[in-house]
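Asker: Quick one: the structure is below, questions incoming.
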Amino acid sequence: MRKAKPKKRQVLPDPRFNDQKVSKFVNHLMYDGKKNTSYEIFYKALEIVTEKMKSEEKPALDIWKQALDNITPQVEVKSRRIGGATFQVPTEIRPDRKESVSMKNMISFARKRGGKSMADKLAAEIMDAFNNQGGAFKRKEDMHRMAEANRAFAHFRF
């Protein structure tokens, strides 16, 4: 590469929980630079989760973190062209990319859901992910299944 790698920016923690992970999630959730709206949606979703999951002794933030862990993929497949043929090569995912992929999956499947508001849809997706079900969890399972099916090409790893 000709140029130096760009510096990693430090993400500031969110105002309510003082957590960087929450800020990253809100940044993924944000449209058109409307960060306040994103924070409102996220906090409202956590309130809904608290109401609906009274049986859990955990706070809503811990439920959200557990849900993210449940939908975080460990391996993914990347296309690699070798001698005219394209192979799906399973590779492990870097920790920062794991986090990013899981957040993006949760948000995209929440957006696809039917529901009243984005906060309702996000809360439903968080609860499903916590219980190891829902679209984002299925996506993780599909990624793992794909990597397992293409394990024979693991020696092409780069």
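In the structure tokens, chains take letters A, B, ... by order of appearance, with residues numbered from 1 within each chain and ligands from 1 in the order shown.
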Taking the DSSP secondary structure from the backbone, can you list the residues of range 63-121 of chain A that are strand (DSSP E), as a list in words?
Answerer: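 Those in range 63-121 of chain A that DSSP calls strand (DSSP E) are Val75, Glu76, Val77, Lys78, Ser79, Arg80, Arg81, Ile82, Ala85, Thr86, Phe87, Gln88, Val89, Pro90, Thr91 and Glu92 of chain A.
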Asker: Leaving out range 118-123 of chain A and any residue of its chain fewer than 4 positions from it, which residues lie within 6 Å of it when counting only C-alpha atoms, given as a list in words?
Answerer: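 Once the adjacent positions are removed, what remains is Ile41, Lys44, Ala45, Val49 and Ala110 of chain A.
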Asker: Find the spatial neighbours of range 11-18 of chain A, counting only C-alpha atoms, within a cut-off of 12 Å - ignore same-chain residues fewer than 5 positions away - and output them as a PyMOL selection string.
Answerer: chain A and resi 23-27+35-36+38-40+42-43+46+59-62
Asker: Write the residues of the preceding selection, restricted to N, CA, C and O atoms, as a compact mmCIF listing (two decimals), in the first residue's frame.
Answerer:
```
# COMPACT_ATOMS: atom_id res chain seq x y z
N SER A 23 -22.60 3.24 21.96
CA SER A 23 -22.36 4.31 21.00
C SER A 23 -22.14 3.77 19.60
O SER A 23 -22.65 4.32 18.62
N LYS A 24 -21.38 2.69 19.50
CA LYS A 24 -21.15 2.07 18.18
C LYS A 24 -22.46 1.59 17.59
O LYS A 24 -22.73 1.77 16.39
N PHE A 25 -23.30 0.96 18.42
CA PHE A 25 -24.59 0.46 17.95
C PHE A 25 -25.46 1.61 17.45
O PHE A 25 -26.07 1.52 16.39
N VAL A 26 -25.49 2.69 18.22
CA VAL A 26 -26.29 3.86 17.85
C VAL A 26 -25.77 4.47 16.55
O VAL A 26 -26.55 4.91 15.70
N ASN A 27 -24.44 4.47 16.37
CA ASN A 27 -23.88 4.98 15.12
C ASN A 27 -24.31 4.15 13.93
O ASN A 27 -24.56 4.68 12.84
N LYS A 35 -28.27 11.55 15.39
CA LYS A 35 -27.82 10.71 16.49
C LYS A 35 -28.79 10.73 17.67
O LYS A 35 -29.02 9.72 18.31
N ASN A 36 -29.36 11.90 17.97
CA ASN A 36 -30.32 11.99 19.08
C ASN A 36 -31.51 11.08 18.86
O ASN A 36 -31.96 10.40 19.79
N SER A 38 -31.52 8.38 17.12
CA SER A 38 -31.04 7.01 17.28
C SER A 38 -30.95 6.63 18.75
O SER A 38 -31.33 5.52 19.14
N TYR A 39 -30.43 7.56 19.57
CA TYR A 39 -30.36 7.29 21.01
C TYR A 39 -31.76 7.08 21.58
O TYR A 39 -31.98 6.17 22.39
N GLU A 40 -32.72 7.92 21.16
CA GLU A 40 -34.10 7.78 21.66
C GLU A 40 -34.66 6.40 21.30
O GLU A 40 -35.27 5.74 22.14
N PHE A 42 -32.98 3.64 20.64
CA PHE A 42 -32.28 2.58 21.37
C PHE A 42 -32.75 2.51 22.83
O PHE A 42 -33.05 1.43 23.34
N TYR A 43 -32.80 3.66 23.50
CA TYR A 43 -33.21 3.68 24.91
C TYR A 43 -34.66 3.22 25.07
O TYR A 43 -35.00 2.51 26.02
N LEU A 46 -34.77 -0.51 24.84
CA LEU A 46 -34.33 -1.14 26.09
C LEU A 46 -35.43 -1.08 27.16
O LEU A 46 -35.59 -2.02 27.94
N PRO A 59 -30.50 -6.58 33.99
CA PRO A 59 -30.94 -5.30 33.41
C PRO A 59 -30.97 -5.40 31.87
O PRO A 59 -30.35 -6.29 31.28
N ALA A 60 -31.71 -4.48 31.26
CA ALA A 60 -31.91 -4.52 29.80
C ALA A 60 -30.60 -4.44 29.04
O ALA A 60 -30.44 -5.07 27.99
N LEU A 61 -29.64 -3.68 29.55
CA LEU A 61 -28.35 -3.54 28.85
C LEU A 61 -27.63 -4.89 28.78
O LEU A 61 -27.06 -5.23 27.74
N ASP A 62 -27.68 -5.66 29.87
CA ASP A 62 -27.05 -6.98 29.87
C ASP A 62 -27.76 -7.94 28.92
O ASP A 62 -27.12 -8.77 28.27
```
Asker: Rank A:Pro90, A:Gly83, A:Gly33, A:Pro95 by their smallest atom-to-atom distance to Met143 in chain A, using only C-alpha atoms, and report the top residue only.
Answerer: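 Looking only at the distances to Met143 in chain A, the closest residue turns out to be A:Pro90.
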Asker: Have a look at A:Lys52, A:Arg97, A:Lys7, A:Arg2 and name the one nearest to Ala124 in chain A; count only C-alpha atoms.
Answerer: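 Smallest distance to Ala124 in chain A is found for A:Lys52.
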Asker: When you count only C-alpha atoms, which of these residues is closest to Glu141 in chain A: A:Glu76, A:Glu57, A:Asp96, A:Glu47?
Answerer: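 Looking only at the distances to Glu141 in chain A, the closest residue turns out to be A:Glu76.
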Asker: Env of Pro73 in chain A: 9 Å cut, atoms = only C-alpha atoms, seq-sep filter 6 positions within chain, self excluded. Answer as number ranges by chain.
Answerer: A: 93, 98-99, 101-102, 139-141, 143-144
Asker: Filtering to N, CA and C atoms, could you give me those residues as a compact mmCIF listing (two decimals), in the first residue's frame?
Answerer:
```
# COMPACT_ATOMS: atom_id res chain seq x y z
N ILE A 93 -13.06 -14.28 11.74
CA ILE A 93 -13.35 -12.85 11.66
C ILE A 93 -12.59 -12.12 12.76
N LYS A 98 -16.34 -8.72 13.97
CA LYS A 98 -17.39 -9.54 14.57
C LYS A 98 -18.46 -8.67 15.18
N GLU A 99 -17.98 -7.71 15.98
CA GLU A 99 -18.90 -6.79 16.67
C GLU A 99 -19.73 -6.00 15.67
N VAL A 101 -20.39 -6.69 12.45
CA VAL A 101 -21.30 -7.54 11.68
C VAL A 101 -22.54 -7.89 12.50
N SER A 102 -22.34 -8.22 13.79
CA SER A 102 -23.48 -8.59 14.62
C SER A 102 -24.43 -7.41 14.80
N ARG A 139 -29.11 -15.78 10.50
CA ARG A 139 -28.03 -15.35 9.62
C ARG A 139 -26.68 -15.88 10.12
N LYS A 140 -26.47 -15.81 11.44
CA LYS A 140 -25.24 -16.33 12.02
C LYS A 140 -25.12 -17.84 11.78
N GLU A 141 -26.22 -18.55 12.00
CA GLU A 141 -26.22 -20.00 11.77
C GLU A 141 -25.92 -20.32 10.31
N MET A 143 -24.16 -18.48 8.22
CA MET A 143 -22.74 -18.19 7.97
C MET A 143 -21.88 -19.36 8.45
N HIS A 144 -22.19 -19.88 9.63
CA HIS A 144 -21.42 -20.99 10.16
C HIS A 144 -21.60 -22.25 9.32
```
Asker: My list of candidates is A:Phe87, A:Arg94, A:Ser79, A:Lys21. Which is closest to Ala152 in chain A when distances are computed with only C-alpha atoms?
Answerer: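 Using only C-alpha atoms, the shortest distance to Ala152 in chain A belongs to A:Phe87.
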Asker: Enumerate as a PyMOL selection string all residues of chain A assigned to helix (DSSP H, G or I) by DSSP on the backbone, naming them with the chain letters and numbers the document uses.
Answerer: chain A and resi 20-29+35-52+60-70+95-112+118-130+135-149+151-156
Asker: What would the file look like if the residues just selected were written as a PDB file, in the first residue's frame with C-alpha atoms?
Answerer:
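Generated output (result12.pdb):
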```
ATOM      1  CA  GLN A  20     -18.683   2.491  23.990  1.00  0.00           C
ATOM      2  CA  LYS A  21     -20.542  -0.527  22.593  1.00  0.00           C
ATOM      3  CA  VAL A  22     -23.827   1.345  22.887  1.00  0.00           C
ATOM      4  CA  SER A  23     -22.361   4.315  20.999  1.00  0.00           C
ATOM      5  CA  LYS A  24     -21.148   2.070  18.185  1.00  0.00           C
ATOM      6  CA  PHE A  25     -24.586   0.459  17.952  1.00  0.00           C
ATOM      7  CA  VAL A  26     -26.293   3.856  17.845  1.00  0.00           C
ATOM      8  CA  ASN A  27     -23.879   4.983  15.124  1.00  0.00           C
ATOM      9  CA  HIS A  28     -24.905   1.975  13.017  1.00  0.00           C
ATOM     10  CA  LEU A  29     -28.571   2.727  13.735  1.00  0.00           C
ATOM     11  CA  LYS A  35     -27.824  10.706  16.489  1.00  0.00           C
ATOM     12  CA  ASN A  36     -30.316  11.992  19.083  1.00  0.00           C
ATOM     13  CA  THR A  37     -33.137  10.186  17.314  1.00  0.00           C
ATOM     14  CA  SER A  38     -31.041   7.006  17.278  1.00  0.00           C
ATOM     15  CA  TYR A  39     -30.361   7.294  21.010  1.00  0.00           C
ATOM     16  CA  GLU A  40     -34.095   7.776  21.660  1.00  0.00           C
ATOM     17  CA  ILE A  41     -34.932   4.672  19.613  1.00  0.00           C
ATOM     18  CA  PHE A  42     -32.285   2.582  21.374  1.00  0.00           C
ATOM     19  CA  TYR A  43     -33.207   3.677  24.911  1.00  0.00           C
ATOM     20  CA  LYS A  44     -36.932   3.203  24.173  1.00  0.00           C
ATOM     21  CA  ALA A  45     -36.189  -0.306  22.858  1.00  0.00           C
ATOM     22  CA  LEU A  46     -34.334  -1.144  26.089  1.00  0.00           C
ATOM     23  CA  GLU A  47     -37.309   0.128  28.127  1.00  0.00           C
ATOM     24  CA  ILE A  48     -39.627  -2.138  26.119  1.00  0.00           C
ATOM     25  CA  VAL A  49     -37.263  -5.075  26.712  1.00  0.00           C
ATOM     26  CA  THR A  50     -37.292  -4.316  30.462  1.00  0.00           C
ATOM     27  CA  GLU A  51     -41.121  -4.313  30.508  1.00  0.00           C
ATOM     28  CA  LYS A  52     -41.541  -7.505  28.489  1.00  0.00           C
ATOM     29  CA  ALA A  60     -31.913  -4.520  29.803  1.00  0.00           C
ATOM     30  CA  LEU A  61     -28.355  -3.539  28.851  1.00  0.00           C
ATOM     31  CA  ASP A  62     -27.046  -6.978  29.869  1.00  0.00           C
ATOM     32  CA  ILE A  63     -29.855  -8.653  27.910  1.00  0.00           C
ATOM     33  CA  TRP A  64     -28.847  -6.577  24.852  1.00  0.00           C
ATOM     34  CA  LYS A  65     -25.172  -7.517  25.262  1.00  0.00           C
ATOM     35  CA  GLN A  66     -26.066 -11.205  25.626  1.00  0.00           C
ATOM     36  CA  ALA A  67     -28.271 -10.948  22.520  1.00  0.00           C
ATOM     37  CA  LEU A  68     -25.350  -9.443  20.569  1.00  0.00           C
ATOM     38  CA  ASP A  69     -23.068 -12.251  21.743  1.00  0.00           C
ATOM     39  CA  ASN A  70     -25.648 -14.817  20.606  1.00  0.00           C
ATOM     40  CA  PRO A  95     -12.894  -9.118  16.804  1.00  0.00           C
ATOM     41  CA  ASP A  96     -13.829  -5.580  15.712  1.00  0.00           C
ATOM     42  CA  ARG A  97     -15.483  -6.910  12.547  1.00  0.00           C
ATOM     43  CA  LYS A  98     -17.390  -9.545  14.570  1.00  0.00           C
ATOM     44  CA  GLU A  99     -18.901  -6.790  16.674  1.00  0.00           C
ATOM     45  CA  SER A 100     -19.728  -4.667  13.648  1.00  0.00           C
ATOM     46  CA  VAL A 101     -21.300  -7.543  11.682  1.00  0.00           C
ATOM     47  CA  SER A 102     -23.483  -8.593  14.617  1.00  0.00           C
ATOM     48  CA  MET A 103     -24.715  -5.025  15.169  1.00  0.00           C
ATOM     49  CA  LYS A 104     -25.469  -4.507  11.475  1.00  0.00           C
ATOM     50  CA  ASN A 105     -27.329  -7.827  11.283  1.00  0.00           C
ATOM     51  CA  MET A 106     -29.453  -7.011  14.325  1.00  0.00           C
ATOM     52  CA  ILE A 107     -30.370  -3.576  12.952  1.00  0.00           C
ATOM     53  CA  SER A 108     -31.094  -4.768   9.403  1.00  0.00           C
ATOM     54  CA  PHE A 109     -33.357  -7.596  10.584  1.00  0.00           C
ATOM     55  CA  ALA A 110     -35.108  -5.234  13.010  1.00  0.00           C
ATOM     56  CA  ARG A 111     -35.792  -2.836  10.105  1.00  0.00           C
ATOM     57  CA  LYS A 112     -37.288  -5.668   8.028  1.00  0.00           C
ATOM     58  CA  MET A 118     -38.413   1.151  15.128  1.00  0.00           C
ATOM     59  CA  ALA A 119     -38.073   0.906  18.918  1.00  0.00           C
ATOM     60  CA  ASP A 120     -40.694  -1.888  18.998  1.00  0.00           C
ATOM     61  CA  LYS A 121     -39.023  -3.729  16.131  1.00  0.00           C
ATOM     62  CA  LEU A 122     -35.565  -3.388  17.693  1.00  0.00           C
ATOM     63  CA  ALA A 123     -36.850  -4.578  21.076  1.00  0.00           C
ATOM     64  CA  ALA A 124     -38.443  -7.626  19.433  1.00  0.00           C
ATOM     65  CA  GLU A 125     -35.193  -8.440  17.603  1.00  0.00           C
ATOM     66  CA  ILE A 126     -33.175  -8.050  20.839  1.00  0.00           C
ATOM     67  CA  MET A 127     -35.513 -10.439  22.681  1.00  0.00           C
ATOM     68  CA  ASP A 128     -35.408 -12.966  19.825  1.00  0.00           C
ATOM     69  CA  ALA A 129     -31.601 -12.824  19.682  1.00  0.00           C
ATOM     70  CA  PHE A 130     -31.451 -13.266  23.470  1.00  0.00           C
ATOM     71  CA  GLY A 135     -33.496 -13.340  11.687  1.00  0.00           C
ATOM     72  CA  ALA A 136     -30.109 -12.205  12.970  1.00  0.00           C
ATOM     73  CA  PHE A 137     -29.517 -15.507  14.777  1.00  0.00           C
ATOM     74  CA  LYS A 138     -30.519 -17.406  11.641  1.00  0.00           C
ATOM     75  CA  ARG A 139     -28.028 -15.349   9.616  1.00  0.00           C
ATOM     76  CA  LYS A 140     -25.236 -16.334  12.022  1.00  0.00           C
ATOM     77  CA  GLU A 141     -26.220 -19.997  11.774  1.00  0.00           C
ATOM     78  CA  ASP A 142     -26.223 -19.754   7.954  1.00  0.00           C
ATOM     79  CA  MET A 143     -22.745 -18.193   7.973  1.00  0.00           C
ATOM     80  CA  HIS A 144     -21.422 -20.990  10.163  1.00  0.00           C
ATOM     81  CA  ARG A 145     -23.118 -23.654   8.024  1.00  0.00           C
ATOM     82  CA  MET A 146     -21.619 -22.135   4.866  1.00  0.00           C
ATOM     83  CA  ALA A 147     -18.140 -22.119   6.427  1.00  0.00           C
ATOM     84  CA  GLU A 148     -18.550 -25.725   7.547  1.00  0.00           C
ATOM     85  CA  ALA A 149     -19.651 -26.811   4.070  1.00  0.00           C
ATOM     86  CA  ARG A 151     -14.104 -26.387   5.090  1.00  0.00           C
ATOM     87  CA  ALA A 152     -12.287 -28.339   2.379  1.00  0.00           C
ATOM     88  CA  PHE A 153     -11.030 -25.049   0.923  1.00  0.00           C
ATOM     89  CA  ALA A 154      -9.621 -23.754   4.216  1.00  0.00           C
ATOM     90  CA  HIS A 155      -6.076 -24.364   2.948  1.00  0.00           C
ATOM     91  CA  PHE A 156      -6.591 -21.500   0.433  1.00  0.00           C
TER      92      PHE A 156
END
```
